[in-house]
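Novice: Input: one structure, supplied below.
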Amino acid sequence: MPSFTLVTAAPPTPNGDLHLGHLSGPYSGADIRIRAHRLLGGEGLFLTGSDLHQSYVPTKARRDGSDPLEMAEGFADEIARIFDSAGFAPDVYVRPWRSELHTELVGEFFARLHAQGALHVRTEQALFCADCDRYLFEAHLTGKCPHCGAGSDGNSCENCALPNRVTDLVAPVCNACGGRPVERAVERLVFPLSEYAERLRAFHAATAMSPQLEALCADMIDQGLPDIPVGHPTDWGLPMPVPGFEDHRIYVWAEMMPGYFAELAEALRATGRDPEEWRTVWNHPETEIVQYFGFDNGYFHALLQPALLMAYDPDFQLPKALVTNEFYQLGASKFSTSRRHAIWANDLLAAVPASTARFVLAHDRPENERTSFTWSRFHELADEELAGRWQSWLTGLFSRLATQADGAIPAGTTPLPSQERFLRLLEGIAEECLAAYSPAAFSPRRATRLLCELVTCAQDFAAAQSRTRDAGRAAGALAAEAAAARLLAQLAHPVMPEFAEQLWTALGETGTPRWDGVRPPAAGQRVATGARFFEALPADLEEQVMKP
């Protein structure tokens, strides 16, 4: 296992509150991964920030009649509060408008690309709205995707994840005035992505990624990669640091690559290190880079950004794993901030413990296909599984420790064969669960199902050992059951840190859960009595959360 990991989560756009769809994807995934790495004794950083320069920020502000930066600041504050409530603990949350490092590193990145001849000057057709006197791209217009026919903004399609040239959108409409744009020639800087096709193939062959992302990349390379404009003639974003193009703004998805450099530099500064060390940390042989993002952003993270990094410096380290998620749906359609079709994260977290929310979202995480949130499913997992089976077993265990072992971990004698088999079973569950937290096989869905299996096995074991009359063997059974509880605290910590730490402490352990194998707490160690970890959710939870 590499001793140091950089975990990035695609930065959220500060144009609205976060909903459960956001929480189920990159942010929970990245938090789970960094916690699992630290559980195993590794060190690392979880990096994210605000995606300020998305065109969705000024378009939202214009609709609301607000200042874009003031609006972004307010939503960034709210996102940070939601992260805190959910127990997501990034080591840095960069706000580009406050970060000189972000501006400097992004500018240096594109200046170097230009100096090395990696950017080409092209005159291309673009869409222009005469009534608004604006070139249209991304959030400024809507049409139909030329690849799949779904509704799409400019530059990329959320449905099929393929990029478009903007001019090939079907029936495009200006989102500001509703008018039909016209084509107009514009001179701009483009990045010849096709020149990196074979290097990208080699990168993908060496990188862990989902089957659907693998297929997307292979299909796009086979069909011929497009040249990508890296700047737009607009007034929102960072100026292009290339003579003759100072009035263009850097394409935000290209900005994101050096933006990750800036996040690392800011994280080093925040932890008392020299931010200038970011290159050394990024490229250290023992550093592993793992990136989390939605599948709809797959092309950007798996093709455009790696190729830009190859052009910037071919010796720079590329990610070892690209972890995606599909859309989490509410009913038959995806959660949507703009359409207000959502369950808002702050409303749910105000009514539900973070560990419960995190468990449900991980258990039904949309990893390889879209999954849907329903209130009945939420209650099933929270009430029947956690407050039901998990709490029932833990209540029984702590009661037995209190009555049979005077509130301490017993010292067992030579275990019975059935007790040995149970401990080996726990070791197998641990091995599978830790694998589900690894970048190559990352699956919180699998991990939470293994946690449920652990509880089921422990319940069955406790019932089967209840007829043991010999005091020594009964003590051995109770110690083995305590080992299962300790293991539950260890393995649950990446997904449910608050619960795991509460259980760890109740078992008499100190600090936070750490991986040191399957074993009971030390004999004689005092445990808590009457510990409660989960309660059934209020019957009117939906009314509380969905209040107008």
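Identifiers in this document derive from the order of the structure tokens: chains are assigned A, B, ..., residues are numbered from 1 separately in each chain, and ligands are numbered from 1 in order of occurrence.
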With a distance cut-off of 9 Å and only C-alpha atoms, select the neighbouring residues of Ala462 (chain A), excluding the residue or stretch itself and same-chain residues fewer than 2 positions from it, and output the selection as a list in words.
Specialist: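 Result of the neighbour search: Trp393, Leu397, Cys457, Ala458, Gln459, Asp460, Ala464, Gln465, Ser466, Ala477, Leu478 and Glu481 of chain A.
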Novice: May I have the residues from that selection written out with N, CA, C and O atoms, as a PDB file, in the first residue's frame?
Specialist:
ATOM      1  N   TRP A 393     -28.291  -6.645  18.218  1.00  0.00           N
ATOM      2  CA  TRP A 393     -27.120  -7.459  18.532  1.00  0.00           C
ATOM      3  C   TRP A 393     -26.198  -6.747  19.520  1.00  0.00           C
ATOM      4  O   TRP A 393     -25.742  -7.348  20.502  1.00  0.00           O
ATOM      5  N   LEU A 397     -24.994  -7.932  23.189  1.00  0.00           N
ATOM      6  CA  LEU A 397     -23.580  -8.146  23.500  1.00  0.00           C
ATOM      7  C   LEU A 397     -23.171  -7.381  24.748  1.00  0.00           C
ATOM      8  O   LEU A 397     -22.560  -7.951  25.674  1.00  0.00           O
ATOM      9  N   CYS A 457     -23.714 -12.641  10.947  1.00  0.00           N
ATOM     10  CA  CYS A 457     -22.891 -13.756  11.418  1.00  0.00           C
ATOM     11  C   CYS A 457     -22.685 -13.693  12.928  1.00  0.00           C
ATOM     12  O   CYS A 457     -22.692 -14.729  13.615  1.00  0.00           O
ATOM     13  N   ALA A 458     -22.498 -12.495  13.458  1.00  0.00           N
ATOM     14  CA  ALA A 458     -22.309 -12.343  14.899  1.00  0.00           C
ATOM     15  C   ALA A 458     -23.575 -12.713  15.659  1.00  0.00           C
ATOM     16  O   ALA A 458     -23.518 -13.354  16.729  1.00  0.00           O
ATOM     17  N   GLN A 459     -24.739 -12.299  15.135  1.00  0.00           N
ATOM     18  CA  GLN A 459     -26.009 -12.687  15.764  1.00  0.00           C
ATOM     19  C   GLN A 459     -26.164 -14.197  15.786  1.00  0.00           C
ATOM     20  O   GLN A 459     -26.546 -14.785  16.807  1.00  0.00           O
ATOM     21  N   ASP A 460     -25.897 -14.822  14.649  1.00  0.00           N
ATOM     22  CA  ASP A 460     -26.018 -16.282  14.563  1.00  0.00           C
ATOM     23  C   ASP A 460     -25.046 -16.965  15.521  1.00  0.00           C
ATOM     24  O   ASP A 460     -25.392 -17.956  16.182  1.00  0.00           O
ATOM     25  N   ALA A 464     -25.950 -19.450  18.667  1.00  0.00           N
ATOM     26  CA  ALA A 464     -25.447 -20.826  18.683  1.00  0.00           C
ATOM     27  C   ALA A 464     -24.611 -21.113  19.923  1.00  0.00           C
ATOM     28  O   ALA A 464     -24.544 -22.261  20.375  1.00  0.00           O
ATOM     29  N   GLN A 465     -23.952 -20.089  20.469  1.00  0.00           N
ATOM     30  CA  GLN A 465     -23.097 -20.296  21.641  1.00  0.00           C
ATOM     31  C   GLN A 465     -23.861 -20.175  22.956  1.00  0.00           C
ATOM     32  O   GLN A 465     -23.285 -20.368  24.026  1.00  0.00           O
ATOM     33  N   SER A 466     -25.140 -19.861  22.879  1.00  0.00           N
ATOM     34  CA  SER A 466     -25.902 -19.576  24.102  1.00  0.00           C
ATOM     35  C   SER A 466     -26.074 -20.798  24.990  1.00  0.00           C
ATOM     36  O   SER A 466     -26.358 -20.660  26.184  1.00  0.00           O
ATOM     37  N   ALA A 477     -16.418 -17.582  23.970  1.00  0.00           N
ATOM     38  CA  ALA A 477     -17.444 -17.183  23.006  1.00  0.00           C
ATOM     39  C   ALA A 477     -17.722 -15.689  23.101  1.00  0.00           C
ATOM     40  O   ALA A 477     -17.868 -14.996  22.084  1.00  0.00           O
ATOM     41  N   LEU A 478     -17.780 -15.177  24.330  1.00  0.00           N
ATOM     42  CA  LEU A 478     -18.059 -13.761  24.520  1.00  0.00           C
ATOM     43  C   LEU A 478     -16.894 -12.906  24.006  1.00  0.00           C
ATOM     44  O   LEU A 478     -17.107 -11.841  23.414  1.00  0.00           O
ATOM     45  N   GLU A 481     -17.175 -12.781  20.294  1.00  0.00           N
ATOM     46  CA  GLU A 481     -18.237 -11.863  19.896  1.00  0.00           C
ATOM     47  C   GLU A 481     -17.779 -10.417  20.040  1.00  0.00           C
ATOM     48  O   GLU A 481     -18.098  -9.557  19.194  1.00  0.00           O
TER      49      GLU A 481
END
Novice: Would you give me, as a ChimeraX atom specification, the residues in region 14-167 of chain A that DSSP reads as alpha helix (DSSP H)?
Specialist: /A:20-22,28-39,56-64,68-86,100-115
Novice: Which residues are near Met546 (chain A)? Cut-off 9 Å, only C-alpha atoms, ignore same chain within fewer than 6 positions. Put them as a count of residues only.
Specialist: 4
Novice: Neighbouring residues of region 513-518 of chain A were defined as those with any atom within 6 Å, considering only C-alpha atoms; residues of the same chain fewer than 5 positions away were excluded. Please report them as a list in words.
Specialist: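 Near region 513-518 of chain A, the qualifying residues are Leu39, Leu40 and Gln490 of chain A.
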Novice: Please save N, CA and C atoms of the selected residues as an mmCIF file, in the first residue's frame.
Specialist:
data_model
loop_
_atom_site.group_PDB
_atom_site.id
_atom_site.type_symbol
_atom_site.label_atom_id
_atom_site.label_comp_id
_atom_site.auth_asym_id
_atom_site.auth_seq_id
_atom_site.Cartn_x
_atom_site.Cartn_y
_atom_site.Cartn_z
ATOM 1 N N LEU A 39 -7.179 4.379 8.117
ATOM 2 C CA LEU A 39 -7.459 3.234 8.987
ATOM 3 C C LEU A 39 -6.323 2.225 8.915
ATOM 4 N N LEU A 40 -5.767 2.056 7.712
ATOM 5 C CA LEU A 40 -4.694 1.089 7.494
ATOM 6 C C LEU A 40 -3.322 1.654 7.841
ATOM 7 N N GLN A 490 -13.959 -1.075 13.340
ATOM 8 C CA GLN A 490 -12.855 -0.837 12.403
ATOM 9 C C GLN A 490 -13.372 -0.679 10.972
#
Novice: Any idea what's packed within 10 Å of region 120-132 of chain A, counting only C-alpha atoms, ignoring anything in its chain fewer than 5 positions away? Could you give it as a compact mmCIF listing (two decimals) with all heavy atoms, in the first residue's frame?
Specialist:
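Written output follows (part.txt):
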# COMPACT_ATOMS: atom_id res chain seq x y z
N LEU A 113 1.99 25.59 -21.38
CA LEU A 113 1.45 24.84 -22.52
C LEU A 113 1.66 25.62 -23.82
O LEU A 113 2.06 25.05 -24.85
CB LEU A 113 -0.04 24.57 -22.31
CG LEU A 113 -0.44 23.53 -21.27
CD1 LEU A 113 -1.96 23.43 -21.19
CD2 LEU A 113 0.15 22.16 -21.57
N HIS A 114 1.40 26.91 -23.78
CA HIS A 114 1.57 27.74 -24.97
C HIS A 114 3.04 27.83 -25.36
O HIS A 114 3.40 27.70 -26.55
CB HIS A 114 1.01 29.14 -24.74
CG HIS A 114 1.23 30.07 -25.89
ND1 HIS A 114 2.20 31.05 -25.85
CD2 HIS A 114 0.65 30.15 -27.11
CE1 HIS A 114 2.19 31.72 -27.00
NE2 HIS A 114 1.26 31.19 -27.78
N PHE A 137 -22.04 29.06 -24.82
CA PHE A 137 -21.44 27.75 -24.54
C PHE A 137 -21.95 27.32 -23.17
O PHE A 137 -22.53 28.12 -22.42
CB PHE A 137 -19.90 27.82 -24.56
CG PHE A 137 -19.32 28.79 -23.56
CD1 PHE A 137 -18.88 28.37 -22.32
CD2 PHE A 137 -19.24 30.14 -23.86
CE1 PHE A 137 -18.37 29.26 -21.40
CE2 PHE A 137 -18.71 31.05 -22.95
CZ PHE A 137 -18.28 30.62 -21.72
N HIS A 140 -24.99 28.77 -21.08
CA HIS A 140 -25.61 29.89 -21.79
C HIS A 140 -26.61 29.44 -22.85
O HIS A 140 -27.34 30.28 -23.39
CB HIS A 140 -24.53 30.75 -22.45
CG HIS A 140 -23.62 31.42 -21.47
ND1 HIS A 140 -24.06 32.34 -20.55
CD2 HIS A 140 -22.28 31.28 -21.25
CE1 HIS A 140 -23.04 32.76 -19.82
NE2 HIS A 140 -21.95 32.12 -20.21
N LEU A 141 -26.63 28.15 -23.17
CA LEU A 141 -27.59 27.69 -24.19
C LEU A 141 -27.99 26.26 -23.92
O LEU A 141 -27.33 25.54 -23.16
CB LEU A 141 -27.01 27.82 -25.59
CG LEU A 141 -26.05 26.73 -26.09
CD1 LEU A 141 -25.88 26.84 -27.60
CD2 LEU A 141 -24.68 26.81 -25.41
N GLY A 154 -24.20 23.33 -23.77
CA GLY A 154 -23.06 23.33 -24.67
C GLY A 154 -21.84 22.67 -24.07
O GLY A 154 -21.66 22.64 -22.85
N ARG A 165 -19.40 20.12 -29.96
CA ARG A 165 -18.68 21.31 -30.42
C ARG A 165 -19.50 22.58 -30.21
O ARG A 165 -19.10 23.65 -30.66
CB ARG A 165 -18.34 21.16 -31.90
CG ARG A 165 -17.43 19.99 -32.23
CD ARG A 165 -16.87 20.08 -33.65
NE ARG A 165 -17.93 20.21 -34.64
CZ ARG A 165 -18.58 19.19 -35.20
NH1 ARG A 165 -18.27 17.94 -34.83
NH2 ARG A 165 -19.53 19.39 -36.09
N VAL A 166 -20.63 22.50 -29.59
CA VAL A 166 -21.58 23.59 -29.37
C VAL A 166 -22.33 23.89 -30.67
O VAL A 166 -23.56 23.93 -30.69
CB VAL A 166 -20.93 24.87 -28.81
CG1 VAL A 166 -21.98 25.94 -28.56
CG2 VAL A 166 -20.18 24.57 -27.52
N THR A 167 -21.59 24.09 -31.75
CA THR A 167 -22.24 24.38 -33.03
C THR A 167 -23.01 23.18 -33.58
O THR A 167 -23.83 23.35 -34.48
CB THR A 167 -21.20 24.82 -34.08
OG1 THR A 167 -20.16 23.83 -34.14
CG2 THR A 167 -20.59 26.16 -33.71
N ASP A 168 -22.75 21.98 -33.05
CA ASP A 168 -23.48 20.81 -33.55
C ASP A 168 -24.68 20.45 -32.67
O ASP A 168 -25.35 19.44 -32.92
CB ASP A 168 -22.54 19.60 -33.69
CG ASP A 168 -21.83 19.23 -32.39
OD1 ASP A 168 -21.99 19.96 -31.40
OD2 ASP A 168 -21.09 18.22 -32.39
N LEU A 169 -24.98 21.27 -31.65
CA LEU A 169 -26.21 21.05 -30.90
C LEU A 169 -27.42 21.18 -31.83
O LEU A 169 -27.44 22.05 -32.72
CB LEU A 169 -26.34 22.07 -29.77
CG LEU A 169 -25.56 21.84 -28.48
CD1 LEU A 169 -25.77 23.01 -27.54
CD2 LEU A 169 -25.95 20.54 -27.80
N PRO A 172 -30.43 24.72 -30.96
CA PRO A 172 -29.94 25.45 -29.78
C PRO A 172 -30.74 26.72 -29.52
O PRO A 172 -31.21 27.38 -30.45
CB PRO A 172 -28.50 25.78 -30.15
CG PRO A 172 -28.51 25.85 -31.65
CD PRO A 172 -29.50 24.82 -32.11
N VAL A 173 -30.87 27.06 -28.24
CA VAL A 173 -31.62 28.24 -27.81
C VAL A 173 -30.80 28.96 -26.74
O VAL A 173 -30.24 28.33 -25.84
CB VAL A 173 -33.00 27.86 -27.25
CG1 VAL A 173 -33.70 29.07 -26.67
CG2 VAL A 173 -33.85 27.21 -28.32
N CYS A 174 -30.75 30.27 -26.82
CA CYS A 174 -30.08 31.07 -25.80
C CYS A 174 -30.90 31.00 -24.51
O CYS A 174 -32.10 31.28 -24.51
CB CYS A 174 -29.94 32.51 -26.27
SG CYS A 174 -29.30 33.63 -25.00
N ASN A 175 -30.25 30.65 -23.41
CA ASN A 175 -30.97 30.51 -22.14
C ASN A 175 -31.32 31.85 -21.51
O ASN A 175 -32.15 31.91 -20.60
CB ASN A 175 -30.16 29.67 -21.16
CG ASN A 175 -30.17 28.20 -21.51
OD1 ASN A 175 -31.09 27.72 -22.17
ND2 ASN A 175 -29.15 27.47 -21.07
N ALA A 176 -30.69 32.93 -21.96
CA ALA A 176 -30.98 34.24 -21.38
C ALA A 176 -32.20 34.89 -22.01
O ALA A 176 -33.05 35.44 -21.32
CB ALA A 176 -29.77 35.15 -21.52
N CYS A 177 -32.30 34.82 -23.35
CA CYS A 177 -33.38 35.53 -24.03
C CYS A 177 -34.32 34.62 -24.81
O CYS A 177 -35.37 35.06 -25.29
CB CYS A 177 -32.81 36.59 -24.97
SG CYS A 177 -31.97 35.91 -26.42
N GLY A 178 -33.95 33.35 -24.94
CA GLY A 178 -34.79 32.42 -25.69
C GLY A 178 -34.62 32.51 -27.19
O GLY A 178 -35.32 31.83 -27.95
N GLY A 179 -33.67 33.32 -27.65
CA GLY A 179 -33.46 33.49 -29.09
C GLY A 179 -32.63 32.38 -29.69
O GLY A 179 -31.99 31.58 -28.99
N ARG A 180 -32.64 32.33 -31.02
CA ARG A 180 -31.85 31.35 -31.75
C ARG A 180 -30.49 31.95 -32.09
O ARG A 180 -30.42 33.00 -32.75
CB ARG A 180 -32.57 30.93 -33.03
CG ARG A 180 -33.87 30.17 -32.80
CD ARG A 180 -33.62 28.81 -32.11
NE ARG A 180 -32.80 27.93 -32.92
CZ ARG A 180 -33.29 27.08 -33.82
NH1 ARG A 180 -34.60 27.01 -34.04
NH2 ARG A 180 -32.49 26.28 -34.51
N PRO A 181 -29.41 31.34 -31.68
CA PRO A 181 -28.09 31.89 -31.98
C PRO A 181 -27.69 31.67 -33.43
O PRO A 181 -28.27 30.83 -34.13
CB PRO A 181 -27.17 31.11 -31.04
CG PRO A 181 -27.88 29.81 -30.82
CD PRO A 181 -29.35 30.14 -30.84
N VAL A 182 -26.69 32.42 -33.84
CA VAL A 182 -26.14 32.28 -35.18
C VAL A 182 -24.66 31.90 -35.05
O VAL A 182 -24.05 32.09 -34.00
CB VAL A 182 -26.28 33.59 -35.99
CG1 VAL A 182 -27.75 33.93 -36.19
CG2 VAL A 182 -25.55 34.73 -35.29
N GLU A 183 -24.12 31.36 -36.14
CA GLU A 183 -22.71 31.02 -36.13
C GLU A 183 -21.87 32.24 -36.48
O GLU A 183 -22.24 33.05 -37.34
CB GLU A 183 -22.42 29.88 -37.11
CG GLU A 183 -23.01 28.55 -36.67
CD GLU A 183 -22.46 27.37 -37.46
OE1 GLU A 183 -21.48 27.58 -38.21
OE2 GLU A 183 -22.99 26.26 -37.31
N ARG A 184 -20.73 32.36 -35.79
CA ARG A 184 -19.82 33.46 -36.05
C ARG A 184 -18.40 32.94 -35.85
O ARG A 184 -18.13 32.17 -34.91
CB ARG A 184 -20.11 34.62 -35.11
CG ARG A 184 -19.16 35.81 -35.30
CD ARG A 184 -19.50 36.95 -34.35
NE ARG A 184 -20.74 37.63 -34.72
CZ ARG A 184 -21.15 38.78 -34.17
NH1 ARG A 184 -20.42 39.34 -33.22
NH2 ARG A 184 -22.28 39.33 -34.56
N ALA A 185 -17.51 33.34 -36.73
CA ALA A 185 -16.12 32.88 -36.63
C ALA A 185 -15.42 33.55 -35.46
O ALA A 185 -15.63 34.73 -35.17
CB ALA A 185 -15.38 33.18 -37.92
N VAL A 186 -14.57 32.78 -34.77
CA VAL A 186 -13.79 33.33 -33.67
C VAL A 186 -12.42 32.65 -33.67
O VAL A 186 -12.30 31.45 -33.90
CB VAL A 186 -14.50 33.11 -32.31
CG1 VAL A 186 -14.71 31.63 -32.03
CG2 VAL A 186 -13.72 33.75 -31.18
N GLU A 187 -11.40 33.44 -33.46
CA GLU A 187 -10.04 32.90 -33.33
C GLU A 187 -9.82 32.52 -31.87
O GLU A 187 -10.08 33.32 -30.97
CB GLU A 187 -9.02 33.94 -33.77
CG GLU A 187 -7.60 33.37 -33.87
CD GLU A 187 -6.60 34.39 -34.38
OE1 GLU A 187 -6.46 35.46 -33.72
OE2 GLU A 187 -5.98 34.15 -35.43
N ARG A 188 -9.32 31.31 -31.66
CA ARG A 188 -9.18 30.84 -30.28
C ARG A 188 -8.04 29.84 -30.18
O ARG A 188 -7.48 29.38 -31.18
CB ARG A 188 -10.50 30.20 -29.81
CG ARG A 188 -10.81 28.89 -30.50
CD ARG A 188 -12.27 28.50 -30.43
NE ARG A 188 -12.89 28.77 -29.14
CZ ARG A 188 -14.21 28.66 -28.92
NH1 ARG A 188 -15.02 28.30 -29.93
NH2 ARG A 188 -14.71 28.92 -27.75
N LEU A 189 -7.71 29.49 -28.95
CA LEU A 189 -6.69 28.48 -28.68
C LEU A 189 -7.37 27.12 -28.50
O LEU A 189 -8.35 27.00 -27.76
CB LEU A 189 -5.90 28.83 -27.43
CG LEU A 189 -5.00 30.07 -27.52
CD1 LEU A 189 -4.49 30.45 -26.15
CD2 LEU A 189 -3.84 29.82 -28.48
N VAL A 190 -6.83 26.11 -29.17
CA VAL A 190 -7.38 24.77 -29.03
C VAL A 190 -6.27 23.81 -28.63
O VAL A 190 -5.08 24.04 -28.90
CB VAL A 190 -8.07 24.28 -30.32
CG1 VAL A 190 -9.20 25.22 -30.73
CG2 VAL A 190 -7.06 24.12 -31.44
N PHE A 191 -6.68 22.73 -28.01
CA PHE A 191 -5.75 21.68 -27.58
C PHE A 191 -6.01 20.46 -28.46
O PHE A 191 -7.13 19.93 -28.47
CB PHE A 191 -5.97 21.35 -26.11
CG PHE A 191 -5.07 20.26 -25.59
CD1 PHE A 191 -3.71 20.47 -25.47
CD2 PHE A 191 -5.60 19.04 -25.22
CE1 PHE A 191 -2.87 19.46 -25.00
CE2 PHE A 191 -4.77 18.03 -24.73
CZ PHE A 191 -3.41 18.24 -24.62
N PRO A 192 -5.00 19.97 -29.19
CA PRO A 192 -5.18 18.85 -30.11
C PRO A 192 -5.20 17.51 -29.37
O PRO A 192 -4.21 16.77 -29.34
CB PRO A 192 -3.98 18.97 -31.04
CG PRO A 192 -2.91 19.58 -30.20
CD PRO A 192 -3.62 20.52 -29.25
N ASP A 227 -10.41 18.09 -31.29
CA ASP A 227 -9.63 19.21 -30.77
C ASP A 227 -10.54 20.01 -29.83
O ASP A 227 -11.71 20.23 -30.14
CB ASP A 227 -9.15 20.09 -31.91
CG ASP A 227 -8.13 19.39 -32.80
OD1 ASP A 227 -7.59 18.35 -32.36
OD2 ASP A 227 -7.89 19.87 -33.92
N PRO A 229 -11.32 23.43 -27.61
CA PRO A 229 -11.02 24.82 -27.25
C PRO A 229 -10.72 24.92 -25.76
O PRO A 229 -11.46 24.38 -24.93
CB PRO A 229 -12.31 25.56 -27.61
CG PRO A 229 -13.02 24.68 -28.59
CD PRO A 229 -12.67 23.28 -28.18
N VAL A 230 -9.64 25.59 -25.41
CA VAL A 230 -9.29 25.74 -23.99
C VAL A 230 -9.56 27.16 -23.51
O VAL A 230 -9.21 27.51 -22.39
CB VAL A 230 -7.82 25.35 -23.73
CG1 VAL A 230 -7.62 23.87 -23.96
CG2 VAL A 230 -6.88 26.18 -24.59
N HIS A 232 -12.61 30.62 -24.00
CA HIS A 232 -13.85 31.13 -24.59
C HIS A 232 -13.81 32.66 -24.59
O HIS A 232 -13.30 33.28 -23.65
CB HIS A 232 -15.06 30.68 -23.77
CG HIS A 232 -15.39 29.22 -23.93
ND1 HIS A 232 -15.83 28.68 -25.11
CD2 HIS A 232 -15.34 28.20 -23.03
CE1 HIS A 232 -16.05 27.38 -24.94
NE2 HIS A 232 -15.75 27.07 -23.69
N PRO A 233 -14.38 33.29 -25.63
CA PRO A 233 -14.52 34.75 -25.62
C PRO A 233 -15.69 35.14 -24.72
O PRO A 233 -16.83 35.22 -25.14
CB PRO A 233 -14.81 35.07 -27.10
CG PRO A 233 -15.45 33.83 -27.64
CD PRO A 233 -14.87 32.68 -26.87
N PHE A 245 -4.76 36.79 -26.62
CA PHE A 245 -5.97 36.11 -26.14
C PHE A 245 -6.31 36.51 -24.72
O PHE A 245 -7.01 35.79 -24.00
CB PHE A 245 -5.80 34.58 -26.23
CG PHE A 245 -5.70 34.08 -27.65
CD1 PHE A 245 -4.46 33.95 -28.26
CD2 PHE A 245 -6.84 33.78 -28.38
CE1 PHE A 245 -4.36 33.51 -29.58
CE2 PHE A 245 -6.76 33.33 -29.69
CZ PHE A 245 -5.51 33.20 -30.30
Novice: How would you write, as an MDAnalysis selection string, the set of residues in region 193-413 of chain A that DSSP gives as strand (DSSP E or B)?
Specialist: chainID A and resid 208:209 227:229 231:232 239 249:250 287:294 321:325 328:330 333:334 336 341 344 371:373 408
Novice: Compile the contact shell of Ala262 (chain A) as JSON, numbers by chain: residues with an atom at most 9 Å away, counting only C-alpha atoms, same-chain residues fewer than 4 positions apart removed.
Specialist: {"A": [94, 96, 99, 101, 102, 103, 104, 105, 106, 258, 266, 267, 275, 278]}
Novice: Filtering to N, CA, C and O atoms, could you give me those residues as a PDB file, in the first residue's frame?
Specialist:
ATOM      1  N   VAL A  94     -10.817  24.771  -1.278  1.00  0.00           N
ATOM      2  CA  VAL A  94     -10.272  25.990  -1.867  1.00  0.00           C
ATOM      3  C   VAL A  94     -11.368  26.813  -2.544  1.00  0.00           C
ATOM      4  O   VAL A  94     -12.177  26.278  -3.297  1.00  0.00           O
ATOM      5  N   PRO A  96     -11.396  29.607  -5.165  1.00  0.00           N
ATOM      6  CA  PRO A  96     -10.430  30.213  -6.088  1.00  0.00           C
ATOM      7  C   PRO A  96     -10.340  31.721  -5.996  1.00  0.00           C
ATOM      8  O   PRO A  96      -9.266  32.300  -6.228  1.00  0.00           O
ATOM      9  N   SER A  99      -7.771  32.495  -3.446  1.00  0.00           N
ATOM     10  CA  SER A  99      -6.509  31.760  -3.508  1.00  0.00           C
ATOM     11  C   SER A  99      -5.579  32.339  -4.571  1.00  0.00           C
ATOM     12  O   SER A  99      -5.783  32.138  -5.770  1.00  0.00           O
ATOM     13  N   LEU A 101      -2.643  31.235  -4.948  1.00  0.00           N
ATOM     14  CA  LEU A 101      -1.994  30.046  -5.499  1.00  0.00           C
ATOM     15  C   LEU A 101      -2.781  29.489  -6.675  1.00  0.00           C
ATOM     16  O   LEU A 101      -2.199  29.051  -7.674  1.00  0.00           O
ATOM     17  N   HIS A 102      -4.100  29.488  -6.564  1.00  0.00           N
ATOM     18  CA  HIS A 102      -4.921  28.982  -7.673  1.00  0.00           C
ATOM     19  C   HIS A 102      -4.683  29.815  -8.928  1.00  0.00           C
ATOM     20  O   HIS A 102      -4.417  29.270 -10.008  1.00  0.00           O
ATOM     21  N   THR A 103      -4.767  31.114  -8.797  1.00  0.00           N
ATOM     22  CA  THR A 103      -4.577  31.997  -9.951  1.00  0.00           C
ATOM     23  C   THR A 103      -3.183  31.826 -10.539  1.00  0.00           C
ATOM     24  O   THR A 103      -3.012  31.722 -11.767  1.00  0.00           O
ATOM     25  N   GLU A 104      -2.173  31.757  -9.677  1.00  0.00           N
ATOM     26  CA  GLU A 104      -0.792  31.650 -10.153  1.00  0.00           C
ATOM     27  C   GLU A 104      -0.536  30.326 -10.858  1.00  0.00           C
ATOM     28  O   GLU A 104       0.063  30.294 -11.947  1.00  0.00           O
ATOM     29  N   LEU A 105      -0.977  29.218 -10.251  1.00  0.00           N
ATOM     30  CA  LEU A 105      -0.671  27.904 -10.819  1.00  0.00           C
ATOM     31  C   LEU A 105      -1.456  27.638 -12.097  1.00  0.00           C
ATOM     32  O   LEU A 105      -0.941  27.020 -13.033  1.00  0.00           O
ATOM     33  N   VAL A 106      -2.692  28.118 -12.153  1.00  0.00           N
ATOM     34  CA  VAL A 106      -3.466  27.960 -13.382  1.00  0.00           C
ATOM     35  C   VAL A 106      -2.834  28.782 -14.501  1.00  0.00           C
ATOM     36  O   VAL A 106      -2.661  28.306 -15.634  1.00  0.00           O
ATOM     37  N   PRO A 258      -4.837  22.125 -13.349  1.00  0.00           N
ATOM     38  CA  PRO A 258      -3.933  22.844 -12.435  1.00  0.00           C
ATOM     39  C   PRO A 258      -4.638  23.281 -11.159  1.00  0.00           C
ATOM     40  O   PRO A 258      -3.977  23.571 -10.158  1.00  0.00           O
ATOM     41  N   GLU A 266      -2.399  24.459  -1.381  1.00  0.00           N
ATOM     42  CA  GLU A 266      -3.125  25.070  -0.261  1.00  0.00           C
ATOM     43  C   GLU A 266      -3.221  24.099   0.913  1.00  0.00           C
ATOM     44  O   GLU A 266      -3.139  24.516   2.080  1.00  0.00           O
ATOM     45  N   ALA A 267      -3.395  22.814   0.637  1.00  0.00           N
ATOM     46  CA  ALA A 267      -3.459  21.831   1.724  1.00  0.00           C
ATOM     47  C   ALA A 267      -2.124  21.727   2.440  1.00  0.00           C
ATOM     48  O   ALA A 267      -2.075  21.592   3.670  1.00  0.00           O
ATOM     49  N   PRO A 275       4.017  25.369   0.619  1.00  0.00           N
ATOM     50  CA  PRO A 275       3.179  25.062  -0.540  1.00  0.00           C
ATOM     51  C   PRO A 275       3.988  24.804  -1.808  1.00  0.00           C
ATOM     52  O   PRO A 275       3.498  24.150  -2.740  1.00  0.00           O
ATOM     53  N   TRP A 278       4.474  21.214  -3.541  1.00  0.00           N
ATOM     54  CA  TRP A 278       3.392  20.460  -4.179  1.00  0.00           C
ATOM     55  C   TRP A 278       3.887  19.559  -5.303  1.00  0.00           C
ATOM     56  O   TRP A 278       3.385  18.433  -5.469  1.00  0.00           O
TER      57      TRP A 278
END
